[in-house]
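Have a look at final.tsv below; it lists TSV, C-alpha atoms.
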chain	number	residue	atom	x	y	z
J	206	ILE	CA	123.41	178.54	77.05
J	207	SER	CA	121.18	177.18	74.33
J	208	VAL	CA	117.64	175.86	74.31
J	209	ASP	CA	116.29	173.13	72.04
J	210	THR	CA	112.74	174.00	71.05
J	211	THR	CA	110.41	174.38	68.11
J	212	LYS	CA	108.08	176.71	70.02
J	213	SER	CA	108.49	180.48	69.99
J	214	VAL	CA	106.89	180.85	73.42
J	215	VAL	CA	109.48	178.51	74.95
J	216	ALA	CA	112.29	180.23	73.03
J	217	ALA	CA	111.16	183.69	74.21
J	218	ARG	CA	111.03	182.57	77.84
J	219	ALA	CA	114.46	180.90	77.64
J	220	LEU	CA	115.99	183.94	75.94
J	221	ASP	CA	114.49	186.20	78.63
J	222	GLU	CA	116.14	183.97	81.25
J	223	GLY	CA	119.59	184.27	79.66
J	224	ALA	CA	119.82	181.67	76.90
J	225	ALA	CA	121.76	182.98	73.91
J	226	VAL	CA	121.05	180.34	71.25
J	227	VAL	CA	117.92	178.57	70.01
J	228	ASN	CA	118.34	175.16	68.37
J	229	ASP	CA	115.26	174.38	66.30
J	230	VAL	CA	115.08	170.87	64.81
J	231	SER	CA	112.46	172.11	62.36
J	232	ALA	CA	114.60	175.01	61.05
J	233	MET	CA	111.67	177.16	62.19
J	234	ARG	CA	109.08	175.34	60.03
J	235	PHE	CA	106.70	174.59	62.91
J	236	ASP	CA	106.19	178.04	64.40
J	237	GLU	CA	105.87	181.15	62.24
J	238	GLU	CA	106.83	183.39	65.18
J	239	MET	CA	110.13	181.66	65.94
J	240	ALA	CA	112.24	183.66	63.48
J	241	ARG	CA	110.78	186.96	64.67
J	242	VAL	CA	111.35	186.06	68.35
J	243	CYS	CA	114.96	185.05	67.71
J	244	GLY	CA	115.65	188.04	65.47
J	245	THR	CA	114.22	190.51	67.98
J	246	ALA	CA	116.31	188.96	70.77
J	247	ASN	CA	119.44	188.99	68.57
J	248	ALA	CA	119.82	185.30	69.42
J	249	GLY	CA	122.02	182.78	67.76
J	250	VAL	CA	120.10	180.06	65.97
J	251	VAL	CA	120.82	176.54	64.82
J	252	LEU	CA	118.68	175.60	61.83
J	253	MET	CA	118.53	171.83	61.57
J	254	HIS	CA	117.25	170.09	58.48
J	255	SER	CA	114.41	167.69	59.04
J	256	ARG	CA	111.22	166.61	57.38
J	257	GLY	CA	107.83	165.85	58.81
J	258	GLY	CA	106.63	166.46	62.33
J	259	VAL	CA	108.24	165.82	65.69
J	260	THR	CA	106.59	162.41	66.00
J	261	ASP	CA	107.94	161.07	62.71
J	262	MET	CA	111.40	162.71	62.42
J	263	ALA	CA	113.00	159.58	63.90
J	264	THR	CA	111.29	157.41	61.29
J	265	TYR	CA	111.83	157.02	57.58
J	266	ALA	CA	108.33	158.26	56.71
J	267	ASN	CA	109.76	161.34	54.95
J	268	ALA	CA	113.10	159.91	53.82
J	269	ASN	CA	112.29	160.14	50.11
J	270	TYR	CA	115.25	162.01	48.68
J	271	GLY	CA	116.42	162.39	45.11
J	272	SER	CA	119.94	163.34	46.17
J	273	VAL	CA	120.01	163.78	49.93
J	274	VAL	CA	122.85	166.33	49.77
J	275	ASP	CA	121.14	168.40	47.07
J	276	ASP	CA	117.77	168.19	48.81
J	277	VAL	CA	119.15	169.18	52.24
J	278	ILE	CA	121.05	172.12	50.74
J	279	ALA	CA	117.96	173.32	48.86
J	280	GLU	CA	115.65	172.95	51.85
J	281	LEU	CA	118.07	174.62	54.25
J	282	GLY	CA	118.59	177.36	51.66
J	283	GLU	CA	114.86	178.12	51.69
J	284	ARG	CA	114.88	178.34	55.49
J	285	LEU	CA	117.96	180.59	55.44
J	286	VAL	CA	116.20	183.07	53.15
J	287	LEU	CA	113.12	183.06	55.37
J	288	VAL	CA	114.91	183.56	58.70
J	289	GLN	CA	117.19	186.28	57.38
J	290	GLY	CA	114.11	188.01	55.98
J	291	ALA	CA	112.64	187.89	59.49
J	292	GLY	CA	115.63	189.73	60.95
J	293	ILE	CA	118.08	187.03	62.01
J	294	THR	CA	121.48	188.24	60.92
J	295	ARG	CA	123.89	186.03	59.03
J	296	GLU	CA	126.48	185.98	61.81
J	297	HIS	CA	123.90	184.50	64.20
J	298	ILE	CA	123.10	181.44	62.06
J	299	VAL	CA	124.48	177.89	62.21
J	300	VAL	CA	123.22	175.09	59.97
J	301	ASP	CA	122.87	171.43	60.87
J	302	PRO	CA	122.15	168.85	58.13
J	303	GLY	CA	120.11	166.80	60.60
J	304	ILE	CA	121.95	163.49	60.56
J	305	GLY	CA	119.46	160.74	61.38
J	306	PHE	CA	116.40	162.99	61.28
J	307	SER	CA	114.16	161.58	58.54
J	308	LYS	CA	117.27	160.02	57.05
J	309	ARG	CA	118.28	156.41	56.55
J	310	SER	CA	121.86	155.30	57.25
J	311	ASP	CA	122.86	155.70	53.61
J	312	HIS	CA	121.51	159.26	53.71
J	313	SER	CA	123.53	160.06	56.84
J	314	LEU	CA	126.71	158.69	55.24
J	315	ALA	CA	126.08	160.63	52.02
J	316	LEU	CA	125.55	163.82	54.02
J	317	ILE	CA	128.81	163.42	55.92
J	318	ALA	CA	130.62	162.61	52.66
J	319	GLY	CA	129.08	165.69	51.03
J	320	LEU	CA	129.35	167.99	54.03
J	321	SER	CA	131.79	170.31	52.25
J	322	ARG	CA	128.90	171.22	49.94
J	323	VAL	CA	126.70	172.05	52.94
J	324	ALA	CA	129.54	174.25	54.25
J	325	GLU	CA	129.49	176.10	50.92
J	326	LEU	CA	126.21	177.66	52.06
J	327	GLY	CA	128.57	179.98	53.95
J	328	PHE	CA	127.38	179.32	57.50
J	329	PRO	CA	129.08	177.42	60.32
J	330	VAL	CA	128.07	173.76	60.23
J	331	MET	CA	127.04	171.80	63.31
J	332	ILE	CA	126.93	168.03	63.23
J	333	GLY	CA	125.16	165.66	65.59
J	334	VAL	CA	126.21	162.05	64.96
J	335	SER	CA	126.69	161.01	68.57
J	336	ARG	CA	125.55	157.43	69.19
J	337	LYS	CA	123.24	157.53	66.16
J	338	ARG	CA	121.64	154.44	64.64
J	339	PHE	CA	123.83	154.56	61.51
J	340	VAL	CA	126.96	154.38	63.70
J	341	GLY	CA	125.53	151.29	65.34
J	342	GLU	CA	124.72	149.72	61.99
J	343	LEU	CA	128.26	150.32	60.74
J	344	THR	CA	130.01	149.13	63.91
J	345	GLY	CA	127.65	146.37	64.95
J	346	GLU	CA	127.10	148.08	68.30
J	347	SER	CA	123.46	147.74	69.32
J	348	VAL	CA	123.94	149.65	72.60
J	349	PRO	CA	124.10	153.41	71.91
J	350	ALA	CA	126.59	154.08	74.75
J	351	ALA	CA	129.03	151.65	73.07
J	352	ARG	CA	129.21	153.77	69.90
J	353	VAL	CA	131.86	156.20	71.16
J	354	VAL	CA	134.64	155.20	68.77
J	355	GLY	CA	132.32	155.18	65.76
J	356	THR	CA	130.98	158.59	66.78
J	357	ALA	CA	134.51	160.00	67.05
J	358	ALA	CA	135.36	158.64	63.60
J	359	ALA	CA	132.25	160.21	62.06
J	360	ASN	CA	133.06	163.52	63.77
J	361	VAL	CA	136.62	163.50	62.41
J	362	ALA	CA	135.27	162.85	58.90
J	363	ALA	CA	132.80	165.71	59.38
J	364	LEU	CA	135.56	168.03	60.64
J	365	GLU	CA	137.64	167.32	57.54
J	366	ARG	CA	134.64	168.27	55.40
J	367	GLY	CA	133.82	171.55	57.14
J	368	ALA	CA	131.88	170.93	60.35
J	369	ARG	CA	133.08	173.12	63.20
J	370	LEU	CA	130.49	172.47	65.92
J	371	PHE	CA	129.78	169.02	67.34
J	372	ARG	CA	126.95	167.77	69.55
J	373	VAL	CA	128.20	164.77	71.52
J	374	HIS	CA	127.36	162.68	74.56
J	375	ASP	CA	130.93	161.62	75.29
J	376	VAL	CA	132.90	164.86	75.35
J	377	LYS	CA	136.44	163.77	76.27
J	378	PRO	CA	137.04	161.07	73.63
J	379	ASN	CA	135.43	163.14	70.90
J	380	ARG	CA	137.39	166.22	71.90
J	381	GLN	CA	140.65	164.27	71.83
J	382	ALA	CA	139.90	162.79	68.40
J	383	LEU	CA	138.91	166.19	67.02
J	384	ASP	CA	141.97	167.93	68.55
J	385	VAL	CA	144.31	165.43	66.89
J	386	ALA	CA	142.48	165.65	63.54
J	387	TRP	CA	142.51	169.47	63.73
J	388	ALA	CA	146.26	169.49	64.43
J	389	VAL	CA	146.86	167.26	61.39
J	390	MET	CA	144.67	169.49	59.22
J	391	ARG	CA	146.56	172.59	60.38
J	392	ALA	CA	149.93	170.91	59.75
J	393	ALA	CA	148.80	169.93	56.26
J	394	SER	CA	147.73	173.49	55.47
J	395	ARG	CA	151.18	174.79	56.49
J	396	SER	CA	153.15	172.35	54.37

Hey, can you dump this file as structure tokens for me?
Amino acid sequence: ISVDTTKSVVAARALDEGAAVVNDVSAMRFDEEMARVCGTANAGVVLMHSRGGVTDMATYANANYGSVVDDVIAELGERLVLVQGAGITREHIVVDPGIGFSKRSDHSLALIAGLSRVAELGFPVMIGVSRKRFVGELTGESVPAARVVGTAAANVAALERGARLFRVHDVKPNRQALDVAWAVMRAASRS
């Protein structure tokens, strides 16, 4: 069980009630106590890249990147140093490049294309592309629920570049696409 929160008080309560993972969309930028709470509880954490505050993460207000891949890696790297210094052990950390969070469509595409570089940080990579705006822009689907095929395609591309955890709305079609892609990748590694 995981909890999505940027607040250490909420994380502490959820961990006390049995949650094992804290997903923080701010990579623990918003609450100085979050890393200590998670470290003390020996919790798993997902550090997602984002910029700005909760109210403007879905906008482009902070989408001023030099190279989005380089910038995300550098900013996540800073957070990784901080949280490990606060007692969160390496094996409890997952990184998420924050597709769509303070990122334009071209940024999201560049991040998926460069995901192997994010994976070189040495932590499991989680990706959350499900029904995102960039999928709609690429497919012409204005209704988020109609973006299943585009989501599955983006997830397969992310898998091939190192993602191993996937946040999705439509589990079955994404699981099937990822299972087939994984089987192909395994067959290729054996030949």

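Relative to CA of Val385 in chain J, CA of Ala350 in chain J is found at 22.5 Å.
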
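Here CA of Leu252 in chain J stands at a distance of 17.2 Å from CA of Ala219 in chain J.
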
Problem - Separation of CA of Thr356 in chain J from CA of Asp384 in chain J, in Å and rounded to one decimal - result: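 Computing it gives 14.5 Å between the two atoms.
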
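When all atoms listed in the file are used to compute distances to Leu281 in chain J, the closest of the residues J:Val376, J:Val230, J:Val242, J:Leu370 turns out to be J:Val230.
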
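Those residues that approach Arg372 in chain J to within 7 Å, counting all atoms listed in the file, are Ile332, Gly333 and Ser335 of chain J; same-chain residues fewer than 4 positions away are not listed.
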
Problem - Selection near Gly290 in chain J, 12 Å with all atoms listed in the file, sequence-local residues under 6 positions removed, as a list in words - result: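 What passes the distance filter is Ala240, Arg241, Gly244, Glu283 and Arg284 of chain J.
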
Exercise for the section: Identify which of the residues J:Ala358, J:Met239, J:Leu326, J:Val299 lies closest to Ile278 in chain J, counting all atoms listed in the file when measuring atom-to-atom distances. Expected result: J:Leu326

Practice task
Identify, on the basis of all atoms listed in the file, every residue whose closest approach to Arg336 in chain J does not exceed 12 Å; exclude the query and any residue fewer than 2 positions from it along the same chain; express the result as JSON, numbers by chain.
Solution key: {"J": [304, 305, 333, 334, 338, 339, 340, 341, 342, 343, 344, 346, 347, 348, 349, 350, 351, 352, 353, 354, 355, 356, 357, 358, 359, 360, 372, 373, 374, 375, 379]}

Handout entry: Residue neighbourhood Asn247 in chain J, 10 Å, all atoms listed in the file, exclusion window fewer than 4 positions, as a ChimeraX atom specification
Key = /J:220,225-226,241-243,292-294,297

Neighbouring residues of Arg322 in chain J were defined as those with any atom within 9 Å, considering only C-alpha atoms; residues of the same chain fewer than 2 positions away were excluded. Please report them as a compact mmCIF listing (two decimals) with C-alpha atoms, in the coordinates of the input.
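What ended up in selection01.txt:
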# COMPACT_ATOMS: atom_id res chain seq x y z
CA VAL J 274 122.85 166.33 49.77
CA ASP J 275 121.14 168.40 47.07
CA ILE J 278 121.05 172.12 50.74
CA GLY J 319 129.08 165.69 51.03
CA LEU J 320 129.35 167.99 54.03
CA ALA J 324 129.54 174.25 54.25
CA GLU J 325 129.49 176.10 50.92
CA LEU J 326 126.21 177.66 52.06
CA ARG J 366 134.64 168.27 55.40
CA GLY J 367 133.82 171.55 57.14

Using the file's own x, y and z axes, so that the box edges lie along x, y and z, what centre and edge lengths in Å (one decimal) does a box around every listed atom of range 356-360 of chain J get when 8 Å is added on each side? Give it as AutoDock Vina command-line options.
--center_x 133.2 --center_y 161.1 --center_z 64.6 --size_x 20.4 --size_y 20.9 --size_z 21.0
